[in-house]
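Shown next: query07.cif, given as mmCIF, C-alpha atoms.
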```cif
data_upload
loop_
_atom_site.label_atom_id
_atom_site.label_comp_id
_atom_site.auth_asym_id
_atom_site.auth_seq_id
_atom_site.Cartn_x
_atom_site.Cartn_y
_atom_site.Cartn_z
CA MET A 1 200.77 88.56 125.44
CA PHE A 2 198.98 85.89 123.45
CA PHE A 3 196.83 85.02 126.45
CA PHE A 4 195.97 88.66 127.03
CA PHE A 5 194.74 89.11 123.46
CA SER A 6 192.93 85.76 123.45
CA ALA A 7 191.13 86.56 126.69
CA ILE A 8 190.00 89.90 125.27
CA ILE A 9 188.85 88.22 122.06
CA ILE A 10 186.83 85.50 123.76
CA VAL A 11 185.25 87.65 126.47
CA CYS A 12 184.42 90.55 124.17
CA SER A 13 183.02 88.35 121.40
CA ILE A 14 180.68 86.71 123.91
CA LEU A 15 179.68 90.16 125.14
CA THR A 16 179.13 91.28 121.54
CA VAL A 17 176.44 88.70 120.95
CA THR A 18 174.84 88.90 124.39
CA SER A 19 174.86 92.63 125.20
CA ARG A 20 171.39 94.14 125.32
CA LYS A 21 172.49 97.62 124.30
CA ILE A 22 173.36 97.77 120.64
CA LEU A 23 175.96 100.53 120.84
CA ARG A 24 177.82 98.63 123.55
CA ALA A 25 177.78 95.54 121.36
CA ALA A 26 179.46 97.58 118.61
CA THR A 27 182.12 98.77 121.08
CA TYR A 28 182.86 95.20 122.16
CA LEU A 29 183.15 94.25 118.50
CA LEU A 30 185.75 97.02 118.15
CA PHE A 31 187.75 95.49 121.04
CA VAL A 32 187.62 92.07 119.36
CA LEU A 33 188.89 93.45 116.06
CA VAL A 34 191.72 95.42 117.68
CA SER A 35 192.86 92.35 119.64
CA THR A 36 192.85 90.38 116.41
CA ALA A 37 195.19 92.99 114.99
CA GLY A 38 197.32 92.40 118.10
CA LEU A 39 197.49 88.69 117.28
CA TYR A 40 198.64 89.56 113.77
CA PHE A 41 201.35 91.77 115.27
CA LEU A 42 202.42 88.84 117.47
CA LEU A 43 202.71 86.67 114.37
CA ARG A 44 204.82 89.46 112.84
CA TYR A 45 202.53 90.15 109.95
CA ASN A 46 202.72 93.88 110.42
CA PHE A 47 201.09 94.70 107.10
CA MET A 48 198.13 92.42 107.89
CA ALA A 49 197.72 94.05 111.28
CA ALA A 50 197.75 97.49 109.70
CA ILE A 51 195.08 96.43 107.20
CA GLN A 52 193.03 94.94 110.03
CA LEU A 53 193.23 98.13 112.06
CA ALA A 54 192.52 100.46 109.16
CA LEU A 55 189.78 98.52 107.41
CA TYR A 56 188.02 96.60 110.15
CA ALA A 57 188.53 98.70 113.24
CA GLY A 58 188.58 101.97 111.36
CA GLY A 59 186.15 101.42 108.54
CA ILE A 60 183.60 98.74 109.23
CA VAL A 61 183.03 99.58 112.90
CA VAL A 62 182.52 103.24 112.07
CA LEU A 63 180.04 102.24 109.37
CA ILE A 64 178.18 99.98 111.80
CA ILE A 65 178.06 102.69 114.47
CA PHE A 66 176.74 105.19 111.94
CA SER A 67 173.97 102.85 110.90
CA ILE A 68 173.13 102.14 114.55
CA LEU A 69 172.82 105.85 115.20
CA LEU A 70 170.59 106.23 112.13
CA THR A 71 168.28 103.35 112.84
CA SER A 72 167.85 102.91 116.59
CA HIS A 73 167.35 104.93 119.72
CA ILE A 74 170.34 104.87 122.03
CA GLY A 75 168.48 104.23 125.26
CA ASP A 76 166.56 101.26 123.91
CA ARG A 77 167.36 97.80 125.12
CA LEU A 78 167.14 94.96 122.66
CA PRO A 79 164.40 92.45 123.45
CA SER A 80 165.50 89.26 125.09
CA PRO A 81 165.63 86.39 122.58
CA GLY A 82 163.57 84.04 124.73
CA TRP A 83 165.03 81.06 126.52
CA LYS A 84 163.87 78.49 124.00
CA LYS A 85 165.58 80.13 121.05
CA ALA A 86 168.70 80.85 123.12
CA LEU A 87 168.78 77.24 124.27
CA TYR A 88 168.51 75.83 120.75
CA ALA A 89 171.11 78.21 119.35
CA GLY A 90 173.40 77.51 122.31
CA VAL A 91 173.11 73.76 121.86
CA VAL A 92 173.81 74.00 118.12
CA SER A 93 176.85 76.23 118.49
CA ALA A 94 178.22 74.38 121.55
CA PHE A 95 177.91 71.08 119.66
CA GLY A 96 179.75 72.52 116.67
CA ALA A 97 182.42 74.06 118.86
CA VAL A 98 183.04 70.85 120.81
CA MET A 99 183.24 68.80 117.63
CA THR A 100 185.69 71.20 116.00
CA LEU A 101 187.80 71.48 119.16
CA VAL A 102 188.05 67.69 119.45
CA VAL A 103 189.26 67.44 115.86
CA ILE A 104 191.76 70.28 116.36
CA LEU A 105 193.16 68.84 119.60
CA GLN A 106 193.56 65.40 118.07
CA THR A 107 195.37 66.59 114.96
CA ASN A 108 199.13 66.60 115.15
CA PHE A 109 200.32 69.73 113.35
CA GLN A 110 203.92 69.71 112.19
CA ALA A 111 205.22 73.18 112.87
CA THR A 112 208.07 74.21 110.59
CA SER A 113 210.83 75.87 112.51
CA THR A 114 212.68 77.82 109.92
CA ASN A 115 214.13 81.18 110.62
CA ILE A 116 211.28 83.64 110.23
CA GLU A 117 212.12 86.94 108.68
CA ARG A 118 209.83 89.90 108.39
CA THR A 119 207.54 90.06 105.41
CA GLU A 120 208.44 92.97 103.23
CA VAL A 121 205.67 95.08 101.74
CA ARG A 122 207.61 94.93 98.45
CA THR A 123 207.17 91.14 98.37
CA ILE A 124 203.46 91.46 99.02
CA GLY A 125 203.02 93.99 96.23
CA GLU A 126 205.07 91.97 93.75
CA ASN A 127 203.08 88.85 94.52
CA LEU A 128 199.76 90.65 94.24
CA LEU A 129 200.49 91.98 90.77
CA ASN A 130 202.36 88.95 89.46
CA THR A 131 200.76 86.78 86.79
CA GLY A 132 203.23 83.92 87.04
CA LYS A 133 203.68 81.29 89.72
CA TYR A 134 202.53 82.45 93.18
CA GLY A 135 201.00 85.47 91.48
CA TYR A 136 197.68 86.86 92.59
CA ALA A 137 196.87 89.21 89.73
CA LEU A 138 193.56 87.54 88.86
CA PRO A 139 192.03 87.56 92.38
CA PHE A 140 193.30 91.11 92.75
CA GLU A 141 191.43 92.20 89.63
CA VAL A 142 188.33 90.28 90.68
CA ILE A 143 188.36 92.07 94.03
CA SER A 144 188.76 95.39 92.22
CA ILE A 145 185.70 94.69 90.08
CA LEU A 146 183.81 93.58 93.20
CA LEU A 147 184.66 96.80 95.00
CA LEU A 148 183.56 98.87 92.00
CA ALA A 149 180.28 96.97 91.82
CA VAL A 150 179.77 97.42 95.55
CA MET A 151 180.39 101.14 95.29
CA ILE A 152 177.82 101.54 92.53
CA GLY A 153 175.39 99.21 94.30
CA ALA A 154 175.63 101.02 97.61
CA ILE A 155 174.98 104.36 95.94
CA VAL A 156 171.99 102.99 94.03
CA LEU A 157 170.54 101.28 97.11
CA ALA A 158 170.95 104.11 99.56
CA LYS A 159 169.73 106.78 97.15
CA LYS A 160 166.34 108.29 97.82
CA GLN A 161 163.76 106.48 95.73
CA GLU A 162 162.27 108.48 92.90
CA ASP A 163 158.53 108.76 92.78
CA GLN A 164 157.43 105.73 90.80
CA SER A 165 154.34 107.33 89.23
CA ASN A 166 156.07 109.66 86.82
CA MET B 1 206.41 86.55 120.99
CA PHE B 2 204.58 83.67 119.42
CA GLU B 3 207.42 81.16 119.60
CA GLY B 4 206.44 78.41 121.98
CA ILE B 5 202.76 78.96 121.36
CA PRO B 6 201.50 76.01 119.31
CA ILE B 7 199.13 76.55 116.43
CA THR B 8 196.45 74.62 118.33
CA TRP B 9 195.87 77.52 120.70
CA PHE B 10 195.34 79.97 117.86
CA LEU B 11 192.86 77.53 116.35
CA VAL B 12 191.06 77.11 119.68
CA VAL B 13 190.64 80.88 120.02
CA SER B 14 189.35 81.25 116.48
CA THR B 15 187.00 78.27 116.87
CA ILE B 16 185.43 79.78 119.97
CA MET B 17 185.07 83.10 118.19
CA PHE B 18 183.50 81.44 115.15
CA PHE B 19 180.86 79.60 117.13
CA VAL B 20 180.09 82.62 119.29
CA GLY B 21 179.40 84.37 115.97
CA ILE B 22 177.12 81.50 114.88
CA PHE B 23 175.29 81.73 118.21
CA GLY B 24 174.80 85.46 117.79
CA PHE B 25 173.58 85.02 114.23
CA LEU B 26 170.95 82.53 115.39
CA VAL B 27 169.85 84.41 118.50
CA ARG B 28 169.76 88.05 117.47
CA LYS B 29 166.81 89.57 115.70
CA ASN B 30 168.15 93.01 114.92
CA LEU B 31 169.71 93.19 111.45
CA ILE B 32 172.72 95.23 112.57
CA THR B 33 173.63 92.82 115.37
CA MET B 34 173.34 89.95 112.91
CA LEU B 35 175.77 91.82 110.67
CA MET B 36 178.14 92.16 113.63
CA SER B 37 178.00 88.40 114.22
CA THR B 38 178.92 87.87 110.58
CA GLU B 39 181.95 90.10 111.05
CA LEU B 40 183.01 87.94 114.01
CA ILE B 41 182.79 84.80 111.85
CA LEU B 42 184.83 86.31 109.00
CA ASN B 43 187.42 87.63 111.43
CA SER B 44 187.94 84.23 113.05
CA VAL B 45 188.52 82.67 109.64
CA GLY B 46 191.16 85.32 109.03
CA ILE B 47 192.98 84.38 112.23
CA ASN B 48 192.94 80.75 111.09
CA PHE B 49 194.48 81.52 107.71
CA VAL B 50 197.21 83.73 109.14
CA ALA B 51 198.16 81.27 111.90
CA PHE B 52 198.35 78.38 109.45
CA ASN B 53 200.49 80.42 107.12
CA ARG B 54 202.93 81.68 109.74
CA ILE B 55 203.39 78.56 111.82
CA LEU B 56 203.08 75.72 109.32
CA TYR B 57 204.29 77.31 106.07
CA PRO B 58 206.37 80.34 107.02
CA GLY B 59 208.08 80.60 103.63
CA GLN B 60 204.91 81.32 101.70
CA LEU B 61 202.31 84.04 101.75
CA GLU B 62 199.13 82.28 100.57
CA GLY B 63 197.24 82.53 103.85
CA MET B 64 198.02 86.18 104.13
CA PHE B 65 196.65 86.94 100.66
CA PHE B 66 193.51 85.00 101.43
CA THR B 67 193.07 87.02 104.59
CA ILE B 68 193.49 90.25 102.62
CA PHE B 69 190.80 89.09 100.19
CA ILE B 70 188.55 88.06 103.09
CA ILE B 71 188.87 91.52 104.61
CA ALA B 72 188.08 93.15 101.26
CA VAL B 73 185.00 90.97 100.80
CA ALA B 74 183.92 91.68 104.39
CA ALA B 75 184.16 95.41 103.80
CA ALA B 76 182.13 95.11 100.60
CA GLU B 77 179.55 92.96 102.31
CA ALA B 78 179.22 95.32 105.28
CA SER B 79 178.70 98.38 103.09
CA ILE B 80 176.06 96.71 100.91
CA ALA B 81 174.31 95.25 103.96
CA ILE B 82 174.18 98.63 105.65
CA ALA B 83 172.79 100.24 102.50
CA ILE B 84 170.06 97.58 102.40
CA ILE B 85 169.36 97.99 106.12
CA LEU B 86 168.99 101.75 105.76
CA ASN B 87 166.64 101.22 102.83
CA ILE B 88 164.52 98.80 104.84
CA TYR B 89 164.46 101.19 107.77
CA ARG B 90 163.30 104.00 105.53
CA ARG B 91 160.35 101.97 104.29
CA MET B 92 159.35 99.98 107.36
CA LYS B 93 160.68 102.13 110.22
CA ASN B 94 162.02 98.92 111.69
CA ILE B 95 165.00 96.59 111.31
CA ASP B 96 163.72 93.62 113.25
CA VAL B 97 163.86 90.51 111.06
CA GLU B 98 160.66 89.06 112.46
CA LYS B 99 158.66 92.19 111.74
CA ILE B 100 159.87 92.54 108.15
CA ASN B 101 157.47 90.21 106.44
CA GLU B 102 156.90 91.78 103.06
CA MET B 103 159.36 92.29 100.25
CA LYS B 104 157.31 94.67 98.13
CA TYR B 105 154.73 97.06 99.34
#
```
Starting from the file, give its structure as structure tokens.
Amino acid sequence: MFFFFSAIIIVCSILTVTSRKILRAATYLLFVLVSTAGLYFLLRYNFMAAIQLALYAGGIVVLIIFSILLTSHIGDRLPSPGWKKALYAGVVSAFGAVMTLVVILQTNFQATSTNIERTEVRTIGENLLNTGKYGYALPFEVISILLLAVMIGAIVLAKKQEDQSN
Amino acid sequence: MFEGIPITWFLVVSTIMFFVGIFGFLVRKNLITMLMSTELILNSVGINFVAFNRILYPGQLEGMFFTIFIIAVAAAEASIAIAIILNIYRRMKNIDVEKINEMKY
């Protein structure tokens, strides 16, 4: 199961950045995000997987597809990036990937093999609103303020501009 | 299930995804495809956090909370970016980064 999801993730993420049709690229991105939710299910973080499906696959991809439909023509093909640019970008990212993979494969991770129980949503909620040790009340509030600011900002930005002269 | 799968394989998958995102960010010229590459990068970091949390420190929930915050920030970033992109499109009739060469008209 892990290999199935990983194969989908790798193949579809490569297709996402190389596809010449923008709506297809968005669809491949949707496959990547859903397979990531599958990995979270495998790790038995059901709540994380639900958030991933609802927010990423449900929200962000729909937003991206809407903006694609508003800004580009469906039949259009994206221009080819040119071999020089593709070569430089490929060399940079391949170098980074190889370096990171070497470090990862050389590191000896000590897996803890305790009995893993399911994570209760109650525990998550109590931790999120707790101000004591292992409490995440402050980041939670910061994220709330951020979301409020983003809401106001998106409305202000996307609003039709008033005529500046009067 | 994931027993028997070492953490290294999760990290390998997320590393490949991360650098594919970097490649897309460098190569693409359309603003929306660049935004999609950014989503790939953020998503791979989320996989990293969750795998570390579950396999190395299964008793705690830190990685999971960080992933929740990453997803929230990614949603905020996507909505603001799309608002900006729509605004640019309305003024320039174009969302190609190399053709947008003025900030105020």
Translate the PyMOL selection byres ((chain A and resi 135) around 12) into a concrete residue list for this structure, as an mmCIF file with C-alpha atoms, in the coordinates of the input.
```cif
data_model
loop_
_atom_site.group_PDB
_atom_site.id
_atom_site.type_symbol
_atom_site.label_atom_id
_atom_site.label_comp_id
_atom_site.auth_asym_id
_atom_site.auth_seq_id
_atom_site.Cartn_x
_atom_site.Cartn_y
_atom_site.Cartn_z
ATOM 1 C CA THR A 123 207.170 91.140 98.370
ATOM 2 C CA ILE A 124 203.460 91.460 99.020
ATOM 3 C CA GLY A 125 203.020 93.990 96.230
ATOM 4 C CA GLU A 126 205.070 91.970 93.750
ATOM 5 C CA ASN A 127 203.080 88.850 94.520
ATOM 6 C CA LEU A 128 199.760 90.650 94.240
ATOM 7 C CA LEU A 129 200.490 91.980 90.770
ATOM 8 C CA ASN A 130 202.360 88.950 89.460
ATOM 9 C CA THR A 131 200.760 86.780 86.790
ATOM 10 C CA GLY A 132 203.230 83.920 87.040
ATOM 11 C CA LYS A 133 203.680 81.290 89.720
ATOM 12 C CA TYR A 134 202.530 82.450 93.180
ATOM 13 C CA TYR A 136 197.680 86.860 92.590
ATOM 14 C CA ALA A 137 196.870 89.210 89.730
ATOM 15 C CA LEU A 138 193.560 87.540 88.860
ATOM 16 C CA PRO A 139 192.030 87.560 92.380
ATOM 17 C CA PHE A 140 193.300 91.110 92.750
ATOM 18 C CA GLU A 141 191.430 92.200 89.630
ATOM 19 C CA GLN B 60 204.910 81.320 101.700
ATOM 20 C CA LEU B 61 202.310 84.040 101.750
ATOM 21 C CA GLU B 62 199.130 82.280 100.570
ATOM 22 C CA PHE B 65 196.650 86.940 100.660
#
```
Any chance you could work out the residue set of the PyMOL selection byres ((chain B) within 6 of (chain A)) here, as a ChimeraX atom specification?
-> /B:1-2,19,23-24,26-27,55-56,80,83
Please produce a file of those selected residues containing C-alpha atoms, as a compact mmCIF listing (two decimals), keeping the file's coordinate frame.
```txt
# COMPACT_ATOMS: atom_id res chain seq x y z
CA MET B 1 206.41 86.55 120.99
CA PHE B 2 204.58 83.67 119.42
CA PHE B 19 180.86 79.60 117.13
CA PHE B 23 175.29 81.73 118.21
CA GLY B 24 174.80 85.46 117.79
CA LEU B 26 170.95 82.53 115.39
CA VAL B 27 169.85 84.41 118.50
CA ILE B 55 203.39 78.56 111.82
CA LEU B 56 203.08 75.72 109.32
CA ILE B 80 176.06 96.71 100.91
CA ALA B 83 172.79 100.24 102.50
```
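Rounded to one decimal, atom CA of Ile7 of chain B and atom CA of Leu30 of chain A lie 24.5 Å from each other.
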Using the chain letters and numbers from the file, which residues does the PyMOL selection byres ((chain B and resi 95) around 8) grab, as a PyMOL selection string?
-> (chain A and resi 71) or (chain B and resi 30-32+85+88-89+92-94+96-97+99-100)
Taking into account only C-alpha atoms, which residue in the set A:Ala49, A:Arg20, A:Asp76, A:Phe31 is nearest to Ile47 of chain B?
->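 Selected residue with least distance to Ile47 of chain B: A:Ala49.
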What is the atom CA of Ile70 of chain B to atom CA of Leu53 of chain A distance in Å?
->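 Between atom CA of Ile70 of chain B and atom CA of Leu53 of chain A the gap is 14.3 Å.
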Atomic distance atom CA of Arg91 of chain B - atom CA of Ile74 of chain A, expressed in Å with one decimal = 20.6 Å
Which is closer to Ala50 of chain A than all the others in A:Arg118, A:His73, A:Val62, A:Val34, using all atoms listed in the file?
->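 The closest residue to Ala50 of chain A is A:Val34.
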Top pick for closest residue to Val12 of chain B, considering B:Ser79, B:Ser44, B:Asn101, B:Asn87 and counting only C-alpha atoms = B:Ser44
Between B:Phe49, B:Gly4, B:Phe25, B:Glu39, single out the one closest to Ala76 of chain B, counting all atoms listed in the file.
-> B:Glu39
Please provide as number ranges by chain all residues within 7 Å of Val50 of chain B, with the sequence filter that same-chain residues fewer than 3 positions apart are discarded (counting all atoms listed in the file).
-> B: 46-47, 53-54, 63-64, 67
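With only C-alpha atoms as the basis for measurement, B:Val73 is the residue among B:Met17, B:Val73, B:Ile82, B:Ile5 that approaches Ile145 of chain A most closely.
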